[in-house]
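Enquirer: File name my_file_3.txt; file contents compact mmCIF, C-alpha atoms; full text below.
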```
# COMPACT_ATOMS: atom_id res chain seq x y z
CA MET A 1 41.46 64.30 56.17
CA ARG A 2 44.59 62.69 54.79
CA ILE A 3 47.78 63.73 56.58
CA ARG A 4 50.84 64.07 54.38
CA SER A 5 54.37 65.23 54.95
CA VAL A 6 55.45 68.65 53.76
CA ARG A 7 57.98 67.02 51.44
CA ASP A 8 55.40 64.87 49.67
CA TYR A 9 52.92 67.74 49.52
CA ILE A 10 55.40 70.12 47.89
CA VAL A 11 56.52 67.52 45.34
CA SER A 12 52.98 66.43 44.44
CA GLU A 13 51.64 69.99 44.10
CA GLN A 14 54.65 71.07 42.06
CA MET A 15 54.24 68.11 39.74
CA LYS A 16 50.55 68.90 39.31
CA ILE A 17 51.36 72.47 38.34
CA VAL A 18 54.04 71.40 35.88
CA PHE A 19 51.77 68.75 34.38
CA VAL A 20 49.01 71.31 33.82
CA LEU A 21 51.47 73.81 32.33
CA LEU A 22 52.96 71.20 30.01
CA LEU A 23 49.49 70.09 28.97
CA LEU A 24 48.47 73.69 28.22
CA ILE A 25 51.67 74.29 26.28
CA PHE A 26 51.10 71.06 24.40
CA LEU A 27 47.51 71.92 23.52
CA PHE A 28 48.07 75.56 22.63
CA SER A 29 51.21 74.92 20.60
CA THR A 30 49.46 72.10 18.73
CA LEU A 31 46.46 74.33 18.09
CA ALA A 32 48.72 77.16 16.94
CA ILE A 33 50.68 74.94 14.55
CA TYR A 34 47.50 73.30 13.25
CA THR A 35 45.94 76.73 12.66
CA ALA A 36 49.08 77.96 10.91
CA VAL A 37 49.15 74.88 8.67
CA TYR A 38 45.45 75.24 7.96
CA TYR A 39 45.72 78.88 6.92
CA GLN A 40 48.84 78.10 4.92
CA ASN A 41 46.94 75.46 2.97
CA VAL A 42 43.98 77.80 2.49
CA GLN A 43 46.33 80.51 1.25
CA ARG A 44 47.91 78.09 -1.19
CA ALA A 45 44.45 77.12 -2.45
CA GLU A 46 43.51 80.80 -2.87
CA GLU A 47 46.73 81.50 -4.72
CA ASN A 48 46.01 78.56 -7.02
CA ILE A 49 42.48 79.79 -7.72
CA LEU A 50 43.83 83.24 -8.57
CA PHE A 51 46.28 81.62 -10.94
CA VAL A 52 43.43 79.67 -12.55
CA GLU A 53 41.35 82.87 -12.78
CA ARG A 54 44.10 84.65 -14.72
CA ALA A 55 44.36 81.68 -17.05
CA VAL A 56 40.60 81.77 -17.75
CA GLU A 57 40.78 85.51 -18.41
CA ARG A 58 43.59 84.99 -20.90
CA PHE A 59 41.59 82.24 -22.56
CA LEU A 60 38.52 84.53 -23.02
CA LYS A 61 40.53 87.60 -23.96
CA PRO A 62 40.70 86.89 -27.77
CA TYR A 63 36.96 86.27 -27.95
CA GLU A 64 36.22 89.49 -26.08
CA THR A 65 38.47 91.43 -28.44
CA GLN A 66 36.74 89.99 -31.48
CA ALA A 67 33.32 90.69 -29.97
CA GLU A 68 34.33 94.30 -29.39
CA ARG A 69 35.12 94.66 -33.08
CA TYR A 70 31.69 93.30 -34.07
CA ARG A 71 29.95 95.50 -31.53
CA GLN A 72 31.04 98.58 -33.46
CA ASP A 73 29.37 97.30 -36.66
CA PRO A 74 26.08 99.26 -37.12
CA GLN A 75 24.61 96.50 -39.23
CA ILE A 76 24.94 93.98 -36.43
CA GLN A 77 23.50 96.48 -34.02
CA ARG A 78 20.41 96.90 -36.22
CA TYR A 79 20.13 93.16 -36.81
CA CYS A 80 20.09 92.45 -33.09
CA ARG A 81 17.42 95.10 -32.46
CA ASP A 82 15.19 93.59 -35.13
CA ALA A 83 14.72 90.06 -33.80
CA SER A 84 12.74 89.19 -36.96
CA GLY A 85 15.45 90.44 -39.34
CA ASP A 86 14.87 89.40 -42.96
CA LYS A 87 16.89 86.70 -44.66
CA ALA A 88 18.57 89.10 -47.09
CA ALA A 89 19.89 91.23 -44.29
CA ALA A 90 21.11 88.15 -42.57
CA GLN A 91 23.05 87.11 -45.57
CA THR A 92 24.89 90.42 -45.68
CA LEU A 93 26.35 89.98 -42.15
CA ASP A 94 30.10 89.59 -42.19
CA LEU A 95 30.65 86.95 -39.51
CA GLU A 96 33.37 84.37 -39.26
CA GLN A 97 32.60 80.75 -39.71
CA GLY A 98 31.50 79.09 -36.51
CA LEU A 99 30.29 82.38 -35.08
CA ALA A 100 26.62 82.66 -34.10
CA LEU A 101 24.53 85.67 -33.19
CA PHE A 102 21.85 85.59 -30.51
CA ASP A 103 19.43 88.22 -29.41
CA LEU A 104 18.34 88.23 -25.79
CA GLU A 105 16.13 85.16 -26.31
CA ARG A 106 17.29 82.90 -29.17
CA GLN A 107 19.76 82.37 -31.97
CA ILE A 108 19.09 84.72 -34.88
CA TYR A 109 22.15 84.07 -37.05
CA PRO A 110 22.61 81.75 -38.72
CA ARG A 111 18.95 80.90 -38.75
CA THR A 112 17.96 77.52 -37.33
CA GLU A 113 14.68 75.70 -37.48
CA ASP A 114 14.65 74.95 -33.74
CA LEU A 115 15.39 78.57 -32.80
CA ARG A 116 17.99 77.59 -30.18
CA PRO A 117 17.43 79.71 -27.06
CA VAL A 118 20.06 81.53 -25.06
CA ALA A 119 21.48 79.29 -22.36
CA GLY A 120 19.98 79.91 -18.94
CA GLY A 121 21.93 82.12 -16.60
CA VAL A 122 23.63 84.18 -19.29
CA THR A 123 23.50 87.85 -18.33
CA ASP A 124 25.44 90.94 -19.31
CA ALA A 125 28.85 89.28 -18.77
CA ALA A 126 30.82 86.77 -20.79
CA ALA A 127 29.90 83.16 -20.17
CA LEU A 128 31.46 79.80 -20.91
CA LEU A 129 28.97 76.93 -20.93
CA ARG A 130 28.94 73.24 -21.65
CA GLU A 131 27.28 72.70 -25.09
CA THR A 132 27.75 68.98 -25.62
CA PRO A 133 29.84 66.32 -23.88
CA SER A 134 32.72 67.23 -26.22
CA SER A 135 32.16 70.94 -26.92
CA LEU A 136 31.75 74.27 -25.13
CA ARG A 137 29.97 77.48 -26.12
CA CYS A 138 31.40 80.88 -25.29
CA TYR A 139 28.90 83.77 -24.93
CA ILE A 140 30.17 87.38 -25.33
CA PRO A 141 27.52 90.10 -24.84
CA LEU A 142 26.98 92.79 -27.50
CA LYS A 143 26.11 96.06 -25.83
CA GLU A 144 24.47 99.12 -27.33
CA ALA A 145 26.35 102.29 -28.07
CA THR A 146 26.11 103.53 -24.51
CA GLY A 147 27.79 100.32 -23.35
CA THR A 148 25.39 99.55 -20.52
CA GLU A 149 22.66 97.16 -21.67
CA PRO A 150 23.26 94.03 -23.81
CA ILE A 151 21.28 93.70 -27.03
CA GLY A 152 22.55 90.30 -28.04
CA TYR A 153 25.34 87.75 -27.82
CA LEU A 154 28.14 86.53 -30.04
CA THR A 155 28.86 82.87 -29.44
CA TRP A 156 31.57 80.45 -30.43
CA VAL A 157 31.37 76.69 -30.27
CA LEU A 158 34.69 75.38 -28.96
CA PRO A 159 35.98 71.88 -28.70
CA GLU A 160 36.59 70.81 -25.17
CA SER A 161 40.21 70.10 -26.05
CA ALA A 162 40.83 73.77 -26.87
CA LEU A 163 40.25 74.81 -23.24
CA ALA A 164 42.10 71.76 -21.92
CA GLU A 165 45.20 72.38 -24.05
CA PHE A 166 45.30 76.04 -23.09
CA LEU A 167 45.03 75.32 -19.36
CA GLU A 168 47.62 72.54 -19.51
CA GLN A 169 50.08 74.90 -21.15
CA THR A 170 49.33 77.73 -18.76
CA ILE A 171 48.86 76.05 -15.38
CA PRO A 172 51.45 73.69 -13.84
CA ALA A 173 50.42 70.08 -13.51
CA SER A 174 50.91 70.25 -9.73
CA VAL A 175 47.89 72.55 -9.41
CA SER A 176 44.73 70.55 -8.75
CA PHE A 177 41.54 72.36 -9.74
CA ALA A 178 38.18 72.06 -11.49
CA LEU A 179 36.04 74.48 -13.55
CA TYR A 180 32.22 74.50 -13.59
CA ASP A 181 29.79 76.52 -15.72
CA GLN A 182 26.81 78.41 -14.40
CA ALA A 183 24.59 75.36 -14.64
CA GLY A 184 27.05 73.22 -12.69
CA GLY A 185 28.39 71.38 -15.70
CA ILE A 186 32.04 70.38 -15.61
CA LEU A 187 34.20 72.38 -18.02
CA TYR A 188 37.57 71.05 -16.94
CA ASP A 189 38.69 68.84 -14.05
CA THR A 190 42.19 67.86 -12.98
CA SER A 191 41.36 67.66 -9.27
CA VAL A 192 42.78 64.83 -7.19
CA ALA A 193 41.12 63.43 -4.08
CA TYR A 194 43.46 63.67 -1.11
CA ARG A 195 43.09 62.17 2.33
CA TYR A 196 43.49 65.61 3.87
CA GLU A 197 42.72 68.54 1.60
CA GLU A 198 41.79 72.19 1.63
CA LYS A 199 39.65 73.86 -1.04
CA ALA A 200 39.19 77.40 -2.30
CA ALA A 201 36.32 78.35 -4.64
CA ALA A 202 35.78 81.57 -6.56
CA ARG A 203 33.51 82.98 -9.24
CA LEU A 204 35.71 83.54 -12.29
CA LYS A 205 35.24 85.46 -15.47
CA GLY A 206 32.84 83.99 -17.99
CA GLY A 207 30.50 82.79 -15.25
CA VAL A 208 32.94 80.01 -14.47
CA THR A 209 33.23 78.69 -10.95
CA GLY A 210 36.73 77.56 -10.10
CA VAL A 211 37.63 75.19 -7.26
CA ALA A 212 41.30 74.72 -6.31
CA ILE A 213 42.30 71.77 -4.13
CA VAL A 214 45.48 71.61 -2.03
CA ASN A 215 46.99 68.49 -0.49
CA ALA A 216 47.05 69.23 3.26
CA GLU A 217 48.46 65.89 4.34
CA VAL A 218 52.07 67.09 4.28
CA GLY A 219 51.24 70.05 6.52
CA TYR A 220 49.30 67.95 8.98
CA ARG A 221 52.09 65.41 9.10
CA SER A 222 54.37 68.22 10.22
CA VAL A 223 51.98 68.76 13.14
CA LEU A 224 52.30 65.10 14.09
CA ALA A 225 56.07 65.33 13.78
CA TYR A 226 56.05 68.35 16.07
CA LEU A 227 53.98 66.45 18.61
CA ALA A 228 56.37 63.51 18.43
CA CYS A 229 59.28 65.87 19.19
CA LEU A 230 57.38 67.71 21.91
CA MET A 231 56.53 64.60 23.94
CA PRO A 232 60.12 63.59 24.89
CA ILE A 233 60.92 67.24 25.58
CA GLY A 234 57.92 67.44 27.89
CA LEU A 235 58.97 64.20 29.60
CA PHE A 236 62.49 65.57 30.10
CA VAL A 237 61.11 68.79 31.59
CA PHE A 238 58.82 66.73 33.84
CA VAL A 239 61.74 64.69 35.18
CA ILE A 240 63.93 67.77 35.71
CA ASN A 241 61.11 69.51 37.52
CA TYR A 242 60.60 66.45 39.74
CA TRP A 243 64.27 66.57 40.74
CA LEU A 244 64.09 70.32 41.41
CA ALA A 245 60.91 69.83 43.45
CA LYS A 246 62.68 67.18 45.56
CA GLN A 247 65.61 69.53 46.14
CA LEU A 248 63.30 72.39 47.06
CA SER A 249 61.22 70.25 49.41
CA GLU A 250 64.37 68.92 51.08
CA LYS A 251 65.63 72.47 51.53
CA LEU A 252 62.36 73.49 53.12
CA VAL A 253 61.80 70.38 55.24
CA ARG A 254 65.33 69.87 56.68
CA PRO A 255 65.13 72.70 59.28
CA ILE A 256 61.55 71.71 60.12
CA THR A 257 62.64 68.07 60.63
CA THR A 258 65.46 69.08 62.98
CA LEU A 259 63.03 71.35 64.85
CA ILE A 260 60.62 68.43 65.32
CA ALA A 261 63.48 66.21 66.53
CA SER A 262 64.47 68.86 69.08
CA ILE A 263 60.87 69.14 70.29
CA ARG A 264 60.70 65.35 70.80
CA GLN A 265 63.96 65.35 72.75
CA ASN A 266 62.76 68.26 74.90
CA ARG A 267 59.46 66.43 75.52
CA GLN A 268 61.43 63.43 76.82
CA GLY A 269 63.16 65.69 79.34
CA HIS A 270 66.34 66.60 77.46
CA LEU A 271 65.75 70.31 77.74
CA ASN A 272 69.32 71.24 76.80
CA TYR A 273 69.03 69.47 73.41
CA ILE A 274 68.63 72.22 70.80
CA ASP A 275 69.94 71.16 67.40
CA ILE A 276 68.08 73.01 64.60
CA ASP A 277 69.52 73.58 61.13
CA GLY A 278 69.51 77.14 59.85
CA SER A 279 67.51 78.18 56.82
CA GLU A 280 67.80 81.01 54.33
CA LEU A 281 64.01 81.31 54.30
CA GLU A 282 62.92 84.12 56.56
CA GLU A 283 59.79 82.49 57.98
CA ILE A 284 61.44 79.16 58.82
CA GLU A 285 64.54 80.82 60.25
CA THR A 286 62.33 83.07 62.42
CA LEU A 287 60.45 80.01 63.70
CA SER A 288 63.69 78.11 64.46
CA GLN A 289 65.33 81.08 66.17
CA SER A 290 62.20 81.75 68.23
CA TYR A 291 62.20 78.14 69.44
CA ARG A 292 65.92 78.34 70.31
CA ASP A 293 65.37 81.52 72.27
CA MET A 294 62.33 80.03 74.00
CA MET A 295 64.24 76.91 75.10
CA LEU A 296 67.24 78.94 76.27
CA GLN A 297 64.99 81.20 78.29
CA LEU A 298 63.16 78.15 79.65
CA ASN A 299 66.45 76.53 80.73
CA GLU A 300 67.58 79.76 82.32
CA LEU A 301 64.28 80.10 84.17
CA MET A 302 64.40 76.46 85.31
CA GLU A 303 67.99 76.82 86.50
CA LYS A 304 67.14 80.05 88.25
CA ASN A 305 64.07 78.48 89.82
CA GLN A 306 66.10 75.46 90.90
CA LYS A 307 68.69 77.68 92.55
CA GLU A 308 65.98 79.71 94.24
CA ASN A 309 64.29 76.53 95.49
CA LEU A 310 67.61 75.20 96.76
CA LEU A 311 68.36 78.43 98.56
CA ARG A 312 64.88 78.45 100.01
CA ILE A 313 65.22 74.84 101.19
CA GLU A 314 68.64 75.55 102.67
CA SER A 315 67.24 78.59 104.39
CA GLN A 316 64.32 76.59 105.77
CA LEU A 317 66.71 73.84 106.85
CA GLY A 318 68.91 76.37 108.58
CA VAL A 319 65.92 77.82 110.39
CA LEU A 320 64.88 74.30 111.38
CA GLN A 321 68.37 73.52 112.61
CA GLU A 322 68.40 76.70 114.64
CA LYS A 323 65.12 75.62 116.17
CA ILE A 324 66.40 72.17 117.16
CA ASN A 325 69.99 73.29 117.96
CA PRO A 326 69.70 75.94 120.67
CA HIS A 327 72.89 77.34 122.11
CA PHE A 328 71.76 76.77 125.64
CA LEU A 329 71.89 72.96 125.00
CA PHE A 330 75.58 73.09 124.15
CA ASN A 331 76.18 75.56 126.92
CA THR A 332 74.49 73.15 129.32
CA LEU A 333 76.64 70.27 128.06
CA GLU A 334 79.74 72.41 128.58
CA PHE A 335 78.61 73.26 132.08
CA ILE A 336 78.00 69.58 132.93
CA ASN A 337 81.41 68.71 131.44
CA SER A 338 83.11 71.32 133.61
CA GLN A 339 81.23 70.15 136.67
CA ALA A 340 82.24 66.53 135.97
CA ILE A 341 85.87 67.58 135.75
CA LEU A 342 85.60 69.47 139.03
CA GLU A 343 84.13 66.42 140.66
CA ASP A 344 86.93 64.29 139.18
CA ALA A 345 84.45 62.27 137.07
CA GLY A 346 86.65 61.75 134.02
CA GLN A 347 84.48 59.13 132.44
CA THR A 348 81.44 61.34 132.71
CA ALA A 349 83.29 64.29 131.20
CA TYR A 350 84.48 62.06 128.35
CA LEU A 351 80.97 60.87 127.60
CA ILE A 352 79.59 64.41 127.65
CA GLN A 353 82.28 65.54 125.21
CA LYS A 354 81.52 62.63 122.84
CA LEU A 355 77.79 63.36 123.14
CA GLY A 356 78.36 67.00 122.10
CA VAL A 357 80.46 65.91 119.13
CA LEU A 358 77.84 63.42 117.99
CA PHE A 359 75.04 65.94 118.44
CA ARG A 360 76.83 68.59 116.40
CA TYR A 361 77.66 66.03 113.69
CA SER A 362 74.07 64.83 113.36
CA LEU A 363 72.80 68.42 113.07
CA ARG A 364 75.47 70.00 110.89
CA ALA A 365 76.77 67.15 108.74
CA PRO A 366 76.31 67.80 104.97
CA ASP A 367 74.41 65.42 102.69
CA VAL A 368 77.57 64.23 101.01
CA LEU A 369 80.75 63.74 103.08
CA PRO A 370 83.94 61.70 102.91
CA LEU A 371 83.86 58.18 104.20
CA ARG A 372 86.51 58.91 106.80
CA GLN A 373 84.23 61.46 108.50
CA GLU A 374 81.40 58.95 108.55
CA ALA A 375 83.82 56.34 109.95
CA ALA A 376 85.04 58.80 112.65
CA TYR A 377 81.43 59.43 113.66
CA ALA A 378 80.86 55.67 113.85
CA LYS A 379 83.97 55.23 116.01
CA ASP A 380 82.82 57.97 118.37
CA TYR A 381 79.44 56.35 118.62
CA LEU A 382 80.88 52.89 119.22
CA SER A 383 83.21 54.24 121.88
CA LEU A 384 80.22 54.79 124.17
CA PRO A 385 80.08 51.85 126.74
CA GLU A 386 77.19 49.78 127.92
CA ARG A 387 75.72 48.70 124.54
CA PRO A 388 72.89 46.15 124.52
CA ALA A 389 75.18 43.74 122.73
CA GLN A 390 77.50 43.85 125.79
CA ARG A 391 80.54 43.69 123.53
CA ALA A 392 83.43 45.91 122.75
CA ALA A 393 82.98 47.37 119.25
CA HIS A 394 85.86 47.94 116.95
CA LEU A 395 85.78 49.63 113.51
CA SER A 396 88.60 49.51 110.99
CA VAL A 397 88.74 51.20 107.55
CA ARG A 398 90.87 49.76 104.77
CA HIS A 399 91.28 51.35 101.33
CA ARG A 400 92.11 49.19 98.32
CA ARG A 401 94.35 50.96 95.84
CA GLY A 402 93.00 50.78 92.31
CA GLY A 403 89.75 49.23 93.53
CA ALA A 404 86.25 50.26 92.68
CA GLY A 405 85.79 51.93 96.11
CA SER A 406 86.46 51.44 99.80
CA ARG A 407 85.74 48.47 102.05
CA ILE A 408 84.62 48.82 105.62
CA ALA A 409 85.48 45.91 107.85
CA GLN A 410 83.59 45.86 111.16
CA ALA A 411 84.65 43.30 113.76
CA ASP A 412 81.36 42.70 115.48
CA PRO A 413 78.16 43.51 113.57
CA THR A 414 78.86 43.91 109.83
CA ALA A 415 80.49 46.02 107.05
CA LEU A 416 78.69 48.89 105.22
CA ALA A 417 79.90 51.60 102.86
CA GLY A 418 78.37 54.99 102.19
CA LYS A 419 76.84 57.74 104.30
CA LEU A 420 74.26 55.31 105.64
CA LEU A 421 76.97 53.76 107.81
CA SER A 422 76.16 55.86 110.89
CA ALA A 423 72.44 55.19 110.60
CA TRP A 424 73.05 51.49 110.15
CA ILE A 425 75.37 51.30 113.16
CA SER A 426 72.97 53.32 115.27
CA GLY A 427 70.04 51.10 114.42
CA THR A 428 71.90 47.82 114.69
CA VAL A 429 73.98 48.39 117.81
CA GLY A 430 71.26 50.35 119.54
CA ARG A 431 68.78 47.47 119.25
CA GLY A 432 71.28 44.75 119.98
CA VAL A 433 72.69 42.09 117.65
CA PRO A 434 73.34 38.55 118.88
CA PRO A 435 76.97 37.50 118.62
CA SER A 436 78.11 35.01 116.08
CA SER A 437 80.82 32.44 116.26
CA ASP A 438 83.27 34.50 114.19
CA ASP A 439 82.21 37.89 115.71
CA ARG A 440 80.94 39.11 112.33
CA LEU A 441 77.62 39.98 110.70
```
Let me see the structure of the file written as structure tokens.
Expert:
Amino acid sequence: MRIRSVRDYIVSEQMKIVFVLLLLIFLFSTLAIYTAVYYQNVQRAEENILFVERAVERFLKPYETQAERYRQDPQIQRYCRDASGDKAAAQTLDLEQGLALFDLERQIYPRTEDLRPVAGGVTDAAALLRETPSSLRCYIPLKEATGTEPIGYLTWVLPESALAEFLEQTIPASVSFALYDQAGGILYDTSVAYRYEEKAAARLKGGVTGVAIVNAEVGYRSVLAYLACLMPIGLFVFVINYWLAKQLSEKLVRPITTLIASIRQNRQGHLNYIDIDGSELEEIETLSQSYRDMMLQLNELMEKNQKENLLRIESQLGVLQEKINPHFLFNTLEFINSQAILEDAGQTAYLIQKLGVLFRYSLRAPDVLPLRQEAAYAKDYLSLPERPAQRAAHLSVRHRRGGAGSRIAQADPTALAGKLLSAWISGTVGRGVPPSSDDRL
């Protein structure tokens, strides 16, 4: 498992979260804008097709009005019912020039040799069909008196230019659309092929199918422009969040770092080193304060234990000294001293007194004592006669003002500083040291 610092972990995780959020915002906002543009283009196409539908209705309106007038003519009603109407009756029909009458199957007026049939797909509604490459035929149904079932059709042959001129005058040139008849023939087409386009188709009056086309490239370009603006904004947010993540991680890690430093110092033996930064975060502050309290209690316990151990050692040492320093020994020395005085043995009394002083000093001297006391003990010890070296010992102490310490000058054996002086003199003089030419060691 990879071990990472808390600082790096916080920054990396925060940047991952922000990256995912920015990516989601980027995707959803792009999808939302694209959807809005798409539906806007579709709505524009539907509005255009409605506009075209109204134009087609206005174009067919005059023909429907004229057909309504003919429908009320009883003679035309009878003529349509009698598909084999005689020629004389046909000649009495009052129809405008260019107008043709069809029954439900074929043309019956004016009579033609080929008996032109009704165009396929024509039903009970008006229809506009392609007749020839340059002409159109408009079918208007003639219904019986009840107005439910058609009994025939009135038709007009129109030049293609008539429909084109009407639509050009009615519909703006910016509207791209196409009209198709029931058979799929093109009636009118001003559509333009765009790179990105949206279409709307509808069944119009007269059996006409209208298709409106909208240029969607402008709308989709706005989506690209939005994306171009969103990318630097996202980058700016990413950088700002990185800086904030660094600040947050530093704020979280600083007290933890100082806590780790204190633990390392304590591990090395510096138990009094407790330097932990405070934190406004409850969990970290609780951890830091708990460690401070633990180390303070530990120091107090160690100090208390040290004092107890010292007292116990001193007590044991005192008991030991009592064991090896009985009062009867000193009482005996005092008795011998008194007896030597009574017997006029001054030298003996002197030696016994010095022996008592040395014995008390060796038993009761503290661990640390001034040099002059150690020197006095050495003088008392050297004052005893009959040394193996067979020489008179002399000890002088000289202090140098401003020096680094004191210097002990000893005439016969050597010079030694510190509380080891008495032990050194005892070991050296007691075992005997051969004299030198300059009486010095």
Enquirer: Can you work out the spacing between CA of Ala378 (chain A) and CA of Leu351 (chain A) in Å, to one decimal?
Expert: 14.7 Å
Enquirer: Have a look at A:Glu197, A:Met231, A:Leu163, A:Pro133 and name the one nearest to Ile25 (chain A); count only C-alpha atoms.
Expert: A:Met231
Enquirer: Got a sec: who's within 8 Å of Glu217 (chain A), counting all atoms listed in the file, leaving out chain neighbours fewer than 2 positions off, as a short mmCIF file (atom, residue, chain, number, x, y, z; two decimals) with C-alpha atoms, in the frame of the given file?
Expert:
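Output (part_17.cif):
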```cif
data_model
loop_
_atom_site.label_atom_id
_atom_site.label_comp_id
_atom_site.auth_asym_id
_atom_site.auth_seq_id
_atom_site.Cartn_x
_atom_site.Cartn_y
_atom_site.Cartn_z
CA TYR A 194 43.46 63.67 -1.11
CA ARG A 195 43.09 62.17 2.33
CA TYR A 196 43.49 65.61 3.87
CA GLU A 197 42.72 68.54 1.60
CA ASN A 215 46.99 68.49 -0.49
CA GLY A 219 51.24 70.05 6.52
CA TYR A 220 49.30 67.95 8.98
CA ARG A 221 52.09 65.41 9.10
#
```
Enquirer: Which residues are close to Ala127 (chain A), i.e. within 7 Å by all atoms listed in the file, leaving aside same-chain residues fewer than 2 positions away? Reply as a list in words.
Expert: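 Here the answer would be Val122, Ala125, Leu129, Cys138, Tyr139, Ile140, Gly206 and Gly207 of chain A.
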Enquirer: Tell me, as an NGL selection string, which residues lie within 12 Å of Lys199 (chain A), counting only C-alpha atoms; anything in the same chain fewer than 3 positions away does not count.
Expert: :A and (38-49 or 175-178 or 191-194 or 196 or 202 or 210-216)
Enquirer: Give me, as a list of chain:residue names, all polymer residues having an atom no more than 7 Å from region 296-300 of chain A, counting only C-alpha atoms and skipping those fewer than 4 positions away in the same chain.
Expert: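 Contacts, in chain order: A:Leu271, A:Arg292, A:Lys304.
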Enquirer: Fewer than 2 positions away in the same chain doesn't count, so skip those; otherwise give me all residues within 9 Å of region 253-266 of chain A, counting all atoms listed in the file, as a PyMOL selection string.
Expert: chain A and resi 6-7+248-251+268-279+284-285+288+291+295
Enquirer: What is the distance between CA of Ile171 (chain A) and CA of Leu60 (chain A), in Å to one decimal?
Expert: 15.4 Å
Enquirer: Counting all atoms listed in the file, which of A:Thr348, A:Glu198, A:Gln373, A:Thr65 gets nearest to Val218 (chain A)?
Expert: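 Of A:Thr348, A:Glu198, A:Gln373, A:Thr65, the one nearest Val218 (chain A) is A:Glu198, counting all atoms listed in the file.
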Enquirer: Closest to Glu334 (chain A) among A:Val357, A:Arg312, A:Glu282, A:Asp380, using all atoms listed in the file?
Expert: A:Val357
Enquirer: So the first atom is CA of Asp181 (chain A) and the second is CA of Val208 (chain A); what is the distance between them in Å, to one decimal place?
Expert: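 Taking CA of Asp181 (chain A) and CA of Val208 (chain A), their separation equals 4.9 Å.
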Enquirer: Save region 199-238 of chain A of the structure in the block above to a file, with C-alpha atoms included, as a PDB file, in the first residue's frame.
Expert:
```
ATOM      1  CA  LYS A 199     -36.791  19.990 -40.189  1.00  0.00           C
ATOM      2  CA  ALA A 200     -40.497  20.075 -39.412  1.00  0.00           C
ATOM      3  CA  ALA A 201     -43.055  18.309 -41.629  1.00  0.00           C
ATOM      4  CA  ALA A 202     -46.837  18.563 -41.573  1.00  0.00           C
ATOM      5  CA  ARG A 203     -49.831  17.485 -43.616  1.00  0.00           C
ATOM      6  CA  LEU A 204     -51.354  20.684 -45.015  1.00  0.00           C
ATOM      7  CA  LYS A 205     -54.640  21.463 -46.612  1.00  0.00           C
ATOM      8  CA  GLY A 206     -55.158  20.176 -50.126  1.00  0.00           C
ATOM      9  CA  GLY A 207     -53.287  16.964 -49.367  1.00  0.00           C
ATOM     10  CA  VAL A 208     -50.038  18.903 -49.485  1.00  0.00           C
ATOM     11  CA  THR A 209     -47.129  17.832 -47.352  1.00  0.00           C
ATOM     12  CA  GLY A 210     -45.007  20.736 -46.200  1.00  0.00           C
ATOM     13  CA  VAL A 211     -41.418  20.481 -44.968  1.00  0.00           C
ATOM     14  CA  ALA A 212     -39.774  23.519 -43.337  1.00  0.00           C
ATOM     15  CA  ILE A 213     -35.997  23.590 -42.899  1.00  0.00           C
ATOM     16  CA  VAL A 214     -34.156  25.740 -40.348  1.00  0.00           C
ATOM     17  CA  ASN A 215     -30.445  26.529 -40.352  1.00  0.00           C
ATOM     18  CA  ALA A 216     -29.200  25.180 -37.001  1.00  0.00           C
ATOM     19  CA  GLU A 217     -25.550  26.042 -37.513  1.00  0.00           C
ATOM     20  CA  VAL A 218     -25.834  29.416 -35.782  1.00  0.00           C
ATOM     21  CA  GLY A 219     -27.392  27.832 -32.696  1.00  0.00           C
ATOM     22  CA  TYR A 220     -24.810  25.089 -32.508  1.00  0.00           C
ATOM     23  CA  ARG A 221     -22.022  27.605 -32.915  1.00  0.00           C
ATOM     24  CA  SER A 222     -23.352  29.322 -29.805  1.00  0.00           C
ATOM     25  CA  VAL A 223     -22.872  26.014 -27.984  1.00  0.00           C
ATOM     26  CA  LEU A 224     -19.249  25.912 -29.109  1.00  0.00           C
ATOM     27  CA  ALA A 225     -18.797  29.529 -28.051  1.00  0.00           C
ATOM     28  CA  TYR A 226     -20.207  28.674 -24.634  1.00  0.00           C
ATOM     29  CA  LEU A 227     -17.789  25.775 -24.318  1.00  0.00           C
ATOM     30  CA  ALA A 228     -14.895  28.032 -25.294  1.00  0.00           C
ATOM     31  CA  CYS A 229     -15.892  30.462 -22.521  1.00  0.00           C
ATOM     32  CA  LEU A 230     -16.493  27.693 -19.997  1.00  0.00           C
ATOM     33  CA  MET A 231     -13.053  26.112 -20.351  1.00  0.00           C
ATOM     34  CA  PRO A 232     -10.975  29.066 -19.026  1.00  0.00           C
ATOM     35  CA  ILE A 233     -13.536  29.581 -16.270  1.00  0.00           C
ATOM     36  CA  GLY A 234     -13.190  25.932 -15.293  1.00  0.00           C
ATOM     37  CA  LEU A 235      -9.393  26.230 -15.371  1.00  0.00           C
ATOM     38  CA  PHE A 236      -9.558  29.315 -13.141  1.00  0.00           C
ATOM     39  CA  VAL A 237     -11.828  27.508 -10.675  1.00  0.00           C
ATOM     40  CA  PHE A 238      -9.460  24.523 -10.741  1.00  0.00           C
TER      41      PHE A 238
END
```
